[in-house]
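The next block is my_file_23.tsv, given as TSV, C-alpha atoms.
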```tsv
chain	number	residue	atom	x	y	z
A	122	MET	CA	392.61	248.15	184.08
A	123	VAL	CA	390.98	245.58	186.33
A	124	ASN	CA	389.99	246.08	189.93
A	125	ASP	CA	390.93	243.81	192.84
A	126	MET	CA	387.98	241.56	192.13
A	127	GLY	CA	389.00	241.01	188.52
A	128	ALA	CA	386.02	242.95	187.14
A	129	PRO	CA	386.76	245.21	184.17
A	130	GLN	CA	386.80	248.97	184.70
A	131	GLN	CA	387.60	250.15	181.19
A	132	SER	CA	386.75	248.12	178.10
A	133	VAL	CA	389.48	249.94	176.13
A	134	SER	CA	392.39	248.29	177.94
A	135	VAL	CA	390.95	245.35	179.85
A	136	THR	CA	391.71	242.88	177.05
A	137	ARG	CA	395.45	243.58	177.44
A	138	CYS	CA	395.60	243.22	181.22
A	139	PRO	CA	395.89	239.93	183.10
A	140	SER	CA	393.23	239.05	185.62
A	141	ARG	CA	394.03	238.11	189.22
A	142	PHE	CA	393.55	234.43	188.44
A	143	GLN	CA	396.16	231.74	187.81
A	144	PHE	CA	395.92	228.82	185.41
A	145	ALA	CA	396.91	225.22	184.78
A	146	ILE	CA	396.51	224.41	181.07
A	147	ALA	CA	397.07	221.01	179.46
A	148	ASN	CA	396.43	219.20	176.20
A	149	ARG	CA	395.03	216.10	177.90
A	150	ILE	CA	392.57	215.88	180.75
A	151	GLU	CA	394.74	213.42	182.73
A	152	PHE	CA	397.54	215.99	182.93
A	153	LEU	CA	395.48	218.15	185.32
A	154	ASN	CA	394.84	217.60	189.01
A	155	PRO	CA	391.91	215.11	189.01
A	156	VAL	CA	390.74	216.03	192.52
A	157	HIS	CA	390.55	219.71	191.60
A	158	TRP	CA	388.78	218.99	188.29
A	159	ASP	CA	386.18	216.78	189.98
A	160	ALA	CA	385.60	219.33	192.73
A	161	VAL	CA	384.93	222.12	190.24
A	162	THR	CA	382.75	220.06	187.87
A	163	ALA	CA	380.79	218.23	190.59
A	164	GLY	CA	377.57	220.07	189.77
A	165	ALA	CA	378.29	220.60	186.07
A	166	SER	CA	377.33	218.68	182.97
A	167	VAL	CA	378.34	215.06	182.46
A	168	PHE	CA	380.01	216.29	179.26
A	169	LEU	CA	382.62	217.97	181.48
A	170	SER	CA	383.27	214.82	183.50
A	171	ARG	CA	386.69	213.23	183.26
A	172	ASN	CA	385.08	209.96	182.14
A	173	TYR	CA	383.49	211.58	179.09
A	174	LEU	CA	386.47	213.78	178.23
A	175	SER	CA	388.91	210.88	178.53
A	176	ALA	CA	386.77	208.79	176.19
A	177	THR	CA	386.53	211.47	173.50
A	178	GLN	CA	389.70	213.56	173.70
A	179	ASP	CA	391.50	211.60	170.96
A	180	ASP	CA	388.68	211.83	168.41
A	181	PHE	CA	389.52	213.48	165.07
A	182	GLY	CA	393.29	213.26	165.55
A	183	SER	CA	395.11	216.37	164.42
A	184	GLU	CA	391.95	217.99	163.06
A	185	VAL	CA	390.93	219.15	166.54
A	186	VAL	CA	393.34	220.47	169.17
A	187	ARG	CA	392.04	219.97	172.71
A	188	ASP	CA	392.90	222.11	175.68
A	189	PHE	CA	391.80	221.70	179.27
A	190	ALA	CA	392.37	224.21	182.02
A	191	LEU	CA	391.78	224.82	185.70
A	192	ILE	CA	391.40	228.40	186.92
A	193	TYR	CA	392.66	229.19	190.40
A	194	ASP	CA	391.93	232.07	192.75
A	195	GLY	CA	394.97	231.73	194.97
A	196	PRO	CA	395.18	228.05	195.96
A	197	GLN	CA	391.46	227.48	195.29
A	198	PRO	CA	390.29	225.95	191.99
A	199	VAL	CA	387.27	228.01	190.91
A	200	ALA	CA	386.58	227.01	187.30
A	201	ALA	CA	387.33	224.37	184.67
A	202	ILE	CA	387.54	224.91	180.91
A	203	ALA	CA	387.47	222.56	177.92
A	204	THR	CA	388.16	223.89	174.41
A	205	GLN	CA	388.36	222.53	170.89
A	206	SER	CA	390.36	224.41	168.23
A	207	PHE	CA	389.94	223.61	164.54
A	208	ASP	CA	389.75	224.99	161.03
A	209	ILE	CA	386.43	225.63	159.33
A	210	THR	CA	386.28	225.79	155.56
A	211	GLY	CA	383.51	227.16	153.41
A	212	LYS	CA	382.69	223.71	152.05
A	213	GLN	CA	381.91	222.47	155.55
A	214	LEU	CA	379.29	225.20	155.94
A	215	VAL	CA	377.32	224.26	152.82
A	216	ALA	CA	374.78	221.51	153.24
A	217	ALA	CA	374.22	218.80	150.68
A	218	LYS	CA	371.80	219.71	147.89
A	219	SER	CA	368.38	220.30	149.42
A	220	ASP	CA	365.02	219.49	147.89
A	221	GLY	CA	364.19	221.94	145.13
A	222	GLU	CA	367.82	222.97	144.66
A	223	ASN	CA	369.52	221.90	141.45
A	224	LYS	CA	372.95	220.32	141.35
A	225	PHE	CA	374.49	223.33	139.59
A	226	SER	CA	373.30	225.75	142.28
A	227	ALA	CA	374.68	223.57	145.11
A	228	GLU	CA	378.04	223.22	143.38
A	229	LEU	CA	378.22	226.95	142.73
A	230	LYS	CA	377.79	227.65	146.43
A	231	ARG	CA	380.53	225.19	147.28
A	232	LYS	CA	382.97	226.72	144.80
A	233	SER	CA	382.20	230.25	145.94
A	234	LEU	CA	383.08	229.29	149.53
A	235	SER	CA	385.96	226.97	148.72
A	236	MET	CA	388.59	229.61	149.54
A	237	LEU	CA	387.05	230.49	152.91
A	238	LYS	CA	389.03	229.14	155.86
A	239	ARG	CA	388.90	230.30	159.45
A	240	ARG	CA	390.33	228.86	162.65
A	241	VAL	CA	388.06	228.70	165.67
A	242	CYS	CA	388.75	228.16	169.35
A	243	LEU	CA	385.50	226.76	170.70
A	244	CYS	CA	384.93	226.88	174.43
A	245	GLY	CA	382.46	224.04	174.47
A	246	ASN	CA	381.77	220.94	172.42
A	247	VAL	CA	381.08	220.94	168.70
A	248	HIS	CA	378.95	217.79	169.10
A	249	THR	CA	376.73	218.88	171.97
A	250	TRP	CA	374.56	221.79	173.01
A	251	GLY	CA	374.72	223.43	176.42
A	252	MET	CA	377.47	225.06	178.48
A	253	HIS	CA	379.97	222.23	178.13
A	254	GLY	CA	383.07	224.40	177.93
A	255	VAL	CA	383.02	226.06	181.36
A	256	ALA	CA	382.18	224.89	184.86
A	257	PHE	CA	382.33	226.95	188.03
A	258	ALA	CA	383.02	225.63	191.51
A	259	PRO	CA	379.74	225.16	193.41
A	260	ASP	CA	380.52	227.77	196.07
A	261	CYS	CA	381.73	230.49	193.64
A	262	ASP	CA	379.99	233.42	191.99
A	263	PRO	CA	380.28	232.92	188.20
A	264	SER	CA	380.00	236.66	187.57
A	265	ALA	CA	383.30	237.25	189.40
A	266	ILE	CA	385.10	234.46	187.52
A	267	TRP	CA	384.13	235.15	183.89
A	268	PRO	CA	387.05	237.64	183.58
A	269	GLY	CA	389.32	234.72	184.47
A	270	VAL	CA	387.67	232.64	181.74
A	271	ALA	CA	388.37	235.38	179.19
A	272	ASP	CA	391.98	235.58	180.39
A	273	CYS	CA	392.40	231.81	180.16
A	274	LEU	CA	390.93	231.62	176.65
A	275	TYR	CA	393.34	234.35	175.54
A	276	ARG	CA	396.26	232.31	176.87
A	277	ILE	CA	395.01	229.14	175.15
A	278	ARG	CA	394.62	230.99	171.86
A	279	ARG	CA	398.13	232.43	172.07
A	280	ALA	CA	399.65	229.07	173.08
A	281	ASN	CA	398.14	227.40	170.00
A	282	ARG	CA	399.62	229.72	167.39
A	283	LEU	CA	401.83	226.93	166.06
A	284	HIS	CA	398.63	225.20	164.93
A	285	GLY	CA	397.51	228.34	163.11
A	286	GLN	CA	396.30	231.83	163.89
A	287	THR	CA	392.96	231.67	165.69
A	288	ASP	CA	390.39	233.95	164.08
A	289	TYR	CA	387.41	233.46	166.37
A	290	VAL	CA	386.89	232.48	170.00
A	291	ILE	CA	383.37	231.18	170.61
A	292	ILE	CA	381.82	230.38	173.97
A	293	LYS	CA	378.77	228.14	173.64
A	294	ASP	CA	375.97	227.52	174.69
A	295	LEU	CA	374.67	229.62	177.55
A	296	PHE	CA	371.07	229.33	178.68
A	297	ALA	CA	369.25	232.27	180.26
A	298	ASP	CA	370.46	231.87	183.86
A	299	GLN	CA	374.05	231.27	182.74
A	300	HIS	CA	373.98	234.13	180.25
A	301	ALA	CA	372.93	236.56	182.98
A	302	HIS	CA	376.27	236.07	184.77
A	303	ALA	CA	378.49	236.50	181.71
A	304	GLY	CA	377.98	240.21	180.99
A	305	SER	CA	381.61	241.06	181.80
A	306	LEU	CA	382.66	239.30	178.58
A	307	ALA	CA	381.52	242.39	176.68
A	308	SER	CA	384.47	244.24	178.19
A	309	TYR	CA	386.76	241.70	176.56
A	310	ARG	CA	385.26	242.51	173.14
A	311	TYR	CA	383.01	239.46	173.07
A	312	LYS	CA	379.60	239.89	171.49
A	313	SER	CA	376.59	237.84	172.52
A	314	PHE	CA	373.90	236.69	170.15
A	315	GLU	CA	370.96	234.35	170.37
A	316	THR	CA	370.90	231.08	168.43
A	317	GLU	CA	368.14	228.58	167.75
A	318	PRO	CA	366.43	227.61	171.00
A	319	ASN	CA	366.90	224.35	172.83
A	320	MET	CA	363.61	222.43	172.84
A	321	VAL	CA	362.83	221.25	176.37
A	322	LEU	CA	360.04	219.02	177.66
A	323	THR	CA	359.22	219.36	181.35
A	324	ILE	CA	358.46	215.98	182.92
A	325	ASN	CA	355.41	215.95	185.16
A	326	PRO	CA	356.38	214.19	188.43
A	327	GLN	CA	353.12	212.25	188.20
A	328	TRP	CA	354.24	210.54	184.99
A	329	LYS	CA	355.48	207.10	185.96
A	330	THR	CA	355.16	205.52	182.51
A	331	ILE	CA	354.85	206.69	178.92
A	332	ASP	CA	351.12	205.96	179.16
A	333	ASP	CA	350.82	208.65	181.85
A	334	TYR	CA	352.39	211.08	179.39
A	335	PHE	CA	349.82	210.08	176.75
A	336	VAL	CA	346.95	210.66	179.20
A	337	SER	CA	348.20	214.20	179.84
A	338	LEU	CA	347.85	215.13	176.15
A	339	THR	CA	344.73	216.57	174.59
A	340	LYS	CA	342.67	214.20	172.48
A	341	ARG	CA	344.20	215.41	169.21
A	342	TYR	CA	347.81	215.06	170.26
A	343	ARG	CA	347.21	211.82	172.17
A	344	ALA	CA	345.73	210.27	169.05
A	345	ALA	CA	348.72	211.44	167.01
A	346	ALA	CA	351.20	209.94	169.50
A	347	LYS	CA	349.38	206.61	169.65
A	348	LYS	CA	349.27	206.57	165.86
A	349	VAL	CA	353.07	206.63	165.95
A	350	PHE	CA	353.09	203.67	168.35
A	351	LYS	CA	350.56	201.51	166.49
A	352	PRO	CA	352.72	200.23	163.58
A	353	PHE	CA	355.29	198.90	166.03
A	354	ASP	CA	352.80	196.45	167.52
A	355	ALA	CA	353.10	194.37	164.35
A	356	ASP	CA	355.03	191.11	164.22
A	357	GLY	CA	358.62	191.54	163.17
A	358	LEU	CA	358.96	195.04	164.68
A	359	SER	CA	360.40	195.79	168.08
A	360	VAL	CA	361.77	198.67	170.13
A	361	SER	CA	364.39	197.77	172.69
A	362	SER	CA	367.61	198.90	174.38
A	363	LEU	CA	370.97	197.98	172.89
A	364	VAL	CA	372.76	196.56	175.90
A	365	ASN	CA	376.11	196.41	174.12
A	366	VAL	CA	376.46	199.21	171.54
A	367	ALA	CA	379.82	197.84	170.39
A	368	GLU	CA	378.11	194.70	169.06
A	369	HIS	CA	376.10	196.88	166.67
A	370	SER	CA	378.79	199.50	166.01
A	371	ASP	CA	378.98	199.13	162.22
A	372	ARG	CA	375.22	199.30	161.72
A	373	VAL	CA	374.84	202.10	164.29
A	374	HIS	CA	377.53	204.11	162.52
A	375	ALA	CA	375.90	203.56	159.10
A	376	LEU	CA	372.55	204.81	160.42
A	377	TYR	CA	374.21	207.76	162.14
A	378	HIS	CA	376.03	208.68	158.94
A	379	ALA	CA	372.76	208.59	156.97
A	380	VAL	CA	371.43	211.36	159.23
A	381	ALA	CA	374.70	213.30	159.55
A	382	SER	CA	375.09	213.48	155.77
A	383	LYS	CA	371.79	215.37	155.56
A	384	ALA	CA	372.68	217.90	158.29
A	385	ASP	CA	373.14	221.54	157.35
A	386	VAL	CA	376.51	221.51	159.09
A	387	CYS	CA	378.45	218.47	160.30
A	388	LEU	CA	382.00	219.59	160.93
A	389	PHE	CA	383.48	216.34	162.25
A	390	PRO	CA	381.50	213.12	161.72
A	391	LEU	CA	381.86	210.47	164.41
A	392	SER	CA	383.90	207.33	163.90
A	393	SER	CA	382.39	203.88	164.36
A	394	THR	CA	384.06	203.58	167.79
A	395	THR	CA	382.89	206.89	169.29
A	396	LEU	CA	379.45	205.93	170.59
A	397	PRO	CA	380.61	202.59	172.05
A	398	ARG	CA	383.38	204.43	173.91
A	399	ILE	CA	380.96	207.04	175.25
A	400	ALA	CA	378.53	204.31	176.27
A	401	GLU	CA	381.26	202.53	178.21
A	402	ALA	CA	382.50	205.76	179.82
A	403	LEU	CA	379.08	206.97	180.98
A	404	GLY	CA	377.71	203.59	182.02
A	405	ASP	CA	374.19	203.82	183.46
A	406	ASP	CA	373.95	207.46	182.37
A	407	PHE	CA	373.89	206.41	178.71
A	408	ALA	CA	371.16	204.49	176.90
A	409	THR	CA	370.74	203.41	173.29
A	410	ILE	CA	367.26	202.51	172.08
A	411	GLY	CA	366.99	200.68	168.78
A	412	ILE	CA	364.15	199.86	166.40
A	413	PHE	CA	364.39	196.45	164.74
A	414	GLU	CA	362.55	195.18	161.70
A	415	HIS	CA	362.94	191.41	161.49
A	416	ASP	CA	366.09	191.64	163.64
A	417	HIS	CA	367.54	194.31	161.34
A	418	LEU	CA	368.35	197.62	163.05
A	419	VAL	CA	366.52	200.41	161.18
A	420	GLY	CA	366.83	203.25	163.70
A	421	PHE	CA	368.39	204.17	167.00
A	422	VAL	CA	368.61	207.06	169.44
A	423	THR	CA	371.07	207.63	172.26
A	424	VAL	CA	370.02	209.28	175.52
A	425	VAL	CA	372.35	210.80	178.10
A	426	ARG	CA	371.35	211.38	181.72
A	427	ASP	CA	372.87	214.74	182.66
A	428	GLY	CA	371.82	215.29	186.25
A	429	PRO	CA	368.05	215.95	186.24
A	430	THR	CA	367.99	216.24	182.43
A	431	ALA	CA	367.70	213.52	179.82
A	432	ILE	CA	369.38	214.59	176.59
A	433	GLY	CA	368.23	213.17	173.27
A	434	TYR	CA	371.74	212.80	171.85
A	435	TYR	CA	372.64	211.06	168.56
A	436	ILE	CA	370.09	209.54	166.23
A	437	GLY	CA	370.36	207.23	163.24
A	438	ILE	CA	367.69	206.32	160.71
A	439	ASP	CA	367.26	204.00	157.76
A	440	TYR	CA	365.42	206.43	155.49
A	441	GLY	CA	364.04	203.63	153.35
A	442	ALA	CA	362.32	202.15	156.39
A	443	ASN	CA	361.35	205.62	157.60
A	444	ALA	CA	359.35	206.11	154.38
A	445	ARG	CA	357.15	203.18	155.51
A	446	LEU	CA	357.24	203.61	159.27
A	447	PRO	CA	357.26	206.66	161.60
A	448	ILE	CA	360.73	205.75	162.88
A	449	TYR	CA	361.90	209.28	163.69
A	450	HIS	CA	358.84	210.15	165.75
A	451	ARG	CA	358.92	206.79	167.52
A	452	LEU	CA	362.51	207.48	168.55
A	453	LEU	CA	361.53	210.87	169.98
A	454	LEU	CA	358.89	209.16	172.11
A	455	ALA	CA	361.51	206.60	173.18
A	456	VAL	CA	363.59	209.46	174.60
A	457	ILE	CA	360.61	210.62	176.69
A	458	ASP	CA	360.03	207.04	177.87
A	459	GLN	CA	363.68	206.75	178.94
A	460	ALA	CA	363.55	210.10	180.75
A	461	ILE	CA	360.50	208.98	182.73
A	462	THR	CA	362.19	205.66	183.55
A	463	TRP	CA	365.23	207.53	184.86
A	464	GLY	CA	363.06	209.90	186.91
A	465	CYS	CA	364.41	212.98	185.14
A	466	GLN	CA	362.82	216.40	185.49
A	467	ASN	CA	363.07	217.42	181.85
A	468	VAL	CA	364.19	216.34	178.38
A	469	SER	CA	366.53	218.39	176.22
A	470	PHE	CA	365.94	217.70	172.52
A	471	GLY	CA	368.25	220.32	171.02
A	472	ARG	CA	367.68	222.72	168.16
A	473	THR	CA	366.44	220.75	165.16
A	474	ALA	CA	362.92	219.75	164.06
A	475	LEU	CA	361.31	222.50	166.12
A	476	ASP	CA	357.78	221.81	164.87
A	477	ALA	CA	357.86	218.07	165.60
A	478	LYS	CA	359.23	218.64	169.09
A	479	SER	CA	356.69	221.33	169.89
A	480	ARG	CA	353.98	218.74	169.16
A	481	LEU	CA	355.45	216.63	171.94
A	482	GLY	CA	355.03	219.47	174.43
A	483	CYS	CA	358.53	220.95	174.22
A	484	GLN	CA	359.01	224.63	174.91
A	485	PRO	CA	361.90	226.75	173.61
A	486	GLU	CA	364.77	227.64	175.92
A	487	ASP	CA	366.76	230.70	174.84
A	488	THR	CA	370.36	229.90	173.95
A	489	HIS	CA	373.24	232.35	173.53
A	490	VAL	CA	376.83	232.24	172.35
A	491	TRP	CA	379.62	234.76	172.84
A	492	VAL	CA	381.94	235.46	169.92
A	493	ARG	CA	385.18	237.41	169.63
A	494	HIS	CA	387.48	238.04	166.65
A	495	ARG	CA	391.18	238.54	167.33
A	496	VAL	CA	391.39	241.72	165.18
A	497	PRO	CA	389.59	244.65	166.86
A	498	LEU	CA	388.41	246.26	163.61
A	499	VAL	CA	387.12	242.97	162.25
A	500	ASN	CA	385.54	242.26	165.61
A	501	VAL	CA	383.47	245.45	165.31
A	502	PHE	CA	382.31	244.33	161.85
A	503	VAL	CA	381.46	240.84	163.14
A	504	GLN	CA	379.41	242.31	165.95
A	505	GLN	CA	377.40	244.38	163.49
A	506	VAL	CA	376.77	241.32	161.33
A	507	LEU	CA	375.66	239.25	164.30
A	508	LYS	CA	373.04	241.84	165.17
A	509	ASN	CA	371.26	240.84	161.99
A	510	VAL	CA	371.51	237.08	162.46
A	511	SER	CA	368.06	235.50	162.50
A	512	HIS	CA	367.03	232.03	163.57
A	513	ALA	CA	363.96	229.85	163.37
A	514	GLU	CA	361.36	229.98	166.11
A	515	PRO	CA	359.14	227.01	167.04
A	516	PRO	CA	355.36	227.27	166.82
A	517	ASP	CA	353.55	228.51	169.92
A	518	ARG	CA	351.83	225.27	170.87
A	519	ASN	CA	350.59	223.51	174.02
A	520	PRO	CA	349.45	219.92	173.47
A	521	PHE	CA	348.60	219.31	177.12
A	522	LYS	CA	345.24	219.42	178.83
A	523	GLU	CA	344.37	222.55	180.78
A	524	ALA	CA	344.96	220.72	184.04
A	525	GLN	CA	348.64	220.12	183.18
```

Reformat the file's structure so that it appears as structure tokens.
Amino acid sequence: MVNDMGAPQQSVSVTRCPSRFQFAIANRIEFLNPVHWDAVTAGASVFLSRNYLSATQDDFGSEVVRDFALIYDGPQPVAAIATQSFDITGKQLVAAKSDGENKFSAELKRKSLSMLKRRVCLCGNVHTWGMHGVAFAPDCDPSAIWPGVADCLYRIRRANRLHGQTDYVIIKDLFADQHAHAGSLASYRYKSFETEPNMVLTINPQWKTIDDYFVSLTKRYRAAAKKVFKPFDADGLSVSSLVNVAEHSDRVHALYHAVASKADVCLFPLSSTTLPRIAEALGDDFATIGIFEHDHLVGFVTVVRDGPTAIGYYIGIDYGANARLPIYHRLLLAVIDQAITWGCQNVSFGRTALDAKSRLGCQPEDTHVWVRHRVPLVNVFVQQVLKNVSHAEPPDRNPFKEAQ
């Protein structure tokens, strides 16, 4: 049963009862009322903007089924949803052979998982981190609307059966304040678990240039940061913005692929046209910083301005050049420089390279996902497994002076 406010009363039957909400669901973002979508997502992430979704909704063809939805409470739009549904195979979950692992061992893992195949409905974005699958209208209480989100995701899952039976519904990624409002999902047999933290650098309002950031560091960490900068003062090396990403698309894609191929999991690699399309769609909220060696691009990083947050997005590296030059660390500092230039309040660096990012002054931000399996008995088993999931924690480190 559900009460008049849509809140669950009994977890036994709530998953089989409709909420009070109504829904408009479409396979393309332009099929929904644009005024209503913009009103709901006005204060949400740029990754839920119609510009971004329009630019990326055709990526990966039939591999990824997109669904977009507006949730209504009577005539009032109260939430927006963006989902991606796709198959995951065991081979996609096995990284390339790591250092110290022989070829036979890596191949054995791949063969042992080759028969594994599961279909996932992801409320969010497989290529980003953050709550990019749900937005709530600015004047609404998210706690009262999450039951409508669960209802909507159920309808999307059922509508997509012709593409294959969905095994898991995953809602990602909720930070602490967002997670606090989503407790009603437990009544819909969702289980929450914590993933690797998002590494976040808080920008001091007094920092007007990257040099101000350096001054705020202790002597040890300031020396380390300037050591990263020093090689790039040499002739033939430069760090600059790529005004037109499309002009460098082939080289940018090659550098991106060099990094993506080393990732533990890369479900759907980008095409050579993806970043230029995103750059055009987001305009001044998107920046690409490149490192050139004798006019040859050897590294790049993209930065997205998402409200008060600068997001260190995609990165590409020539690993041959990186063996001679601190390209990766220079790109991280370029993200901070761009964030200061934009006047952002913080930088979101994501989940990888926790140690390196902690040295920059980043602190971990707890991140949660909610997961549900369609079969109740299996769902109980999954919840027990998730209780034992561990994740890496960054070092407890503060590189700033006491006055900071």

Go through stretch 263-367 of chain A and flag each residue having an atom no more than 10 Å from stretch 448-469 of chain A; for those, report the closest pair of atoms plus their distance in Å to one decimal, using only C-alpha atoms, ordered by chain and rising number, as JSON lines.
```
{"residue": "A:Asn319", "atom": "CA", "partner": "A:Ser469", "partner_atom": "CA", "distance": 6.9}
{"residue": "A:Met320", "atom": "CA", "partner": "A:Ser469", "partner_atom": "CA", "distance": 6.0}
{"residue": "A:Val321", "atom": "CA", "partner": "A:Ser469", "partner_atom": "CA", "distance": 4.7}
{"residue": "A:Leu322", "atom": "CA", "partner": "A:Val468", "partner_atom": "CA", "distance": 5.0}
{"residue": "A:Thr323", "atom": "CA", "partner": "A:Asn467", "partner_atom": "CA", "distance": 4.3}
{"residue": "A:Ile324", "atom": "CA", "partner": "A:Asn467", "partner_atom": "CA", "distance": 4.9}
{"residue": "A:Asn325", "atom": "CA", "partner": "A:Gln466", "partner_atom": "CA", "distance": 7.4}
{"residue": "A:Pro326", "atom": "CA", "partner": "A:Gln466", "partner_atom": "CA", "distance": 7.4}
{"residue": "A:Gln327", "atom": "CA", "partner": "A:Ile461", "partner_atom": "CA", "distance": 9.8}
{"residue": "A:Trp328", "atom": "CA", "partner": "A:Ile461", "partner_atom": "CA", "distance": 6.8}
{"residue": "A:Lys329", "atom": "CA", "partner": "A:Ile461", "partner_atom": "CA", "distance": 6.3}
{"residue": "A:Thr330", "atom": "CA", "partner": "A:Ile461", "partner_atom": "CA", "distance": 6.4}
{"residue": "A:Ile331", "atom": "CA", "partner": "A:Asp458", "partner_atom": "CA", "distance": 5.3}
{"residue": "A:Asp332", "atom": "CA", "partner": "A:Asp458", "partner_atom": "CA", "distance": 9.1}
{"residue": "A:Asp333", "atom": "CA", "partner": "A:Ile461", "partner_atom": "CA", "distance": 9.7}
{"residue": "A:Tyr334", "atom": "CA", "partner": "A:Ile457", "partner_atom": "CA", "distance": 8.7}
{"residue": "A:Ala346", "atom": "CA", "partner": "A:Leu454", "partner_atom": "CA", "distance": 8.2}
{"residue": "A:Lys347", "atom": "CA", "partner": "A:Arg451", "partner_atom": "CA", "distance": 9.8}
{"residue": "A:Lys348", "atom": "CA", "partner": "A:Arg451", "partner_atom": "CA", "distance": 9.8}
{"residue": "A:Val349", "atom": "CA", "partner": "A:Arg451", "partner_atom": "CA", "distance": 6.1}
{"residue": "A:Phe350", "atom": "CA", "partner": "A:Arg451", "partner_atom": "CA", "distance": 6.7}
{"residue": "A:Lys351", "atom": "CA", "partner": "A:Arg451", "partner_atom": "CA", "distance": 9.9}
{"residue": "A:Pro352", "atom": "CA", "partner": "A:Ile448", "partner_atom": "CA", "distance": 9.8}
{"residue": "A:Phe353", "atom": "CA", "partner": "A:Arg451", "partner_atom": "CA", "distance": 8.8}
{"residue": "A:Val360", "atom": "CA", "partner": "A:Ala455", "partner_atom": "CA", "distance": 8.5}
{"residue": "A:Ser361", "atom": "CA", "partner": "A:Ala455", "partner_atom": "CA", "distance": 9.3}
{"residue": "A:Ser362", "atom": "CA", "partner": "A:Gln459", "partner_atom": "CA", "distance": 9.9}
```

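Near A:Arg239, within 8 Å and counting all atoms listed in the file, sit A:Asp208, A:Ile209, A:Thr210, A:Thr287, A:Asp288, A:Tyr289, not including residues fewer than 4 positions from it in the same chain.
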
* Asked: By how many Å are atom CA of A:Ser170 and atom CA of A:Thr204 apart?
  -> 13.7 Å

* Asked: Rounded to one decimal in Å, what is the spacing between atom CA of A:Ala303 and atom CA of A:Ser264?
  -> 6.1 Å

* To do: Please provide as a ChimeraX atom specification all residues within 12 Å of stretch 178-183 of chain A, with the sequence filter that same-chain residues fewer than 6 positions apart are discarded (counting all atoms listed in the file).
  => /A:147-151,168-172,189,203-208,246-248,284,388-396,398-399

Output C-alpha atoms of each residue in that selection to a file, as an mmCIF file, in the frame of the given file.
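This is the output file part.cif:
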```
data_model
loop_
_atom_site.group_PDB
_atom_site.id
_atom_site.type_symbol
_atom_site.label_atom_id
_atom_site.label_comp_id
_atom_site.auth_asym_id
_atom_site.auth_seq_id
_atom_site.Cartn_x
_atom_site.Cartn_y
_atom_site.Cartn_z
ATOM 1 C CA ALA A 147 397.070 221.010 179.460
ATOM 2 C CA ASN A 148 396.430 219.200 176.200
ATOM 3 C CA ARG A 149 395.030 216.100 177.900
ATOM 4 C CA ILE A 150 392.570 215.880 180.750
ATOM 5 C CA GLU A 151 394.740 213.420 182.730
ATOM 6 C CA PHE A 168 380.010 216.290 179.260
ATOM 7 C CA LEU A 169 382.620 217.970 181.480
ATOM 8 C CA SER A 170 383.270 214.820 183.500
ATOM 9 C CA ARG A 171 386.690 213.230 183.260
ATOM 10 C CA ASN A 172 385.080 209.960 182.140
ATOM 11 C CA PHE A 189 391.800 221.700 179.270
ATOM 12 C CA ALA A 203 387.470 222.560 177.920
ATOM 13 C CA THR A 204 388.160 223.890 174.410
ATOM 14 C CA GLN A 205 388.360 222.530 170.890
ATOM 15 C CA SER A 206 390.360 224.410 168.230
ATOM 16 C CA PHE A 207 389.940 223.610 164.540
ATOM 17 C CA ASP A 208 389.750 224.990 161.030
ATOM 18 C CA ASN A 246 381.770 220.940 172.420
ATOM 19 C CA VAL A 247 381.080 220.940 168.700
ATOM 20 C CA HIS A 248 378.950 217.790 169.100
ATOM 21 C CA HIS A 284 398.630 225.200 164.930
ATOM 22 C CA LEU A 388 382.000 219.590 160.930
ATOM 23 C CA PHE A 389 383.480 216.340 162.250
ATOM 24 C CA PRO A 390 381.500 213.120 161.720
ATOM 25 C CA LEU A 391 381.860 210.470 164.410
ATOM 26 C CA SER A 392 383.900 207.330 163.900
ATOM 27 C CA SER A 393 382.390 203.880 164.360
ATOM 28 C CA THR A 394 384.060 203.580 167.790
ATOM 29 C CA THR A 395 382.890 206.890 169.290
ATOM 30 C CA LEU A 396 379.450 205.930 170.590
ATOM 31 C CA ARG A 398 383.380 204.430 173.910
ATOM 32 C CA ILE A 399 380.960 207.040 175.250
#
```

For stretch 306-321 of chain A, I'd like the enclosing box, axis-aligned and padded by 3 Å on every side, reported as lines of an AutoDock Vina configuration file with centre and edge lengths in Å to one decimal.
```
center_x = 374.8
center_y = 232.7
center_z = 173.2
size_x = 29.9
size_y = 29.0
size_z = 16.8
```

* Can you list, as a list in words, every protein, DNA or RNA residue that comes within 10 Å of A:Cys261 when you count only C-alpha atoms, leaving out same-chain residues fewer than 6 positions away? ->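 Everything that qualifies: Val161, Pro198, Val199 and Ala200 of chain A.
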
* In Å, rounded to a single decimal, give me how far atom CA of A:Cys138 is from atom CA of A:Gln197. =>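 Interatomic distance here is 21.5 Å.
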
* Asked: Nearest to A:Ala367 among A:Ala400, A:Ile292, A:Val419, A:Val492, with distances taken over only C-alpha atoms: which residue is it?
  ->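 Among A:Ala400, A:Ile292, A:Val419, A:Val492, it is A:Ala400 that comes nearest to A:Ala367.
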
* To do: Considering all atoms listed in the file, state which residue in the set A:Cys242, A:Val167, A:Val156, A:Cys273 is at the smallest distance from A:Arg426.
  =>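 The closest residue to A:Arg426 is A:Val167.
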
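Closest approach to A:Arg372 among A:Leu306, A:Thr430, A:Leu418, A:Arg445: A:Leu418, based on only C-alpha atoms.
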
* Kindly indicate which residue among A:Cys387, A:Leu403, A:Thr316, A:His417 lies nearest to A:His369, using all atoms listed in the file for the distances. =>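 Among A:Cys387, A:Leu403, A:Thr316, A:His417, it is A:His417 that comes nearest to A:His369.
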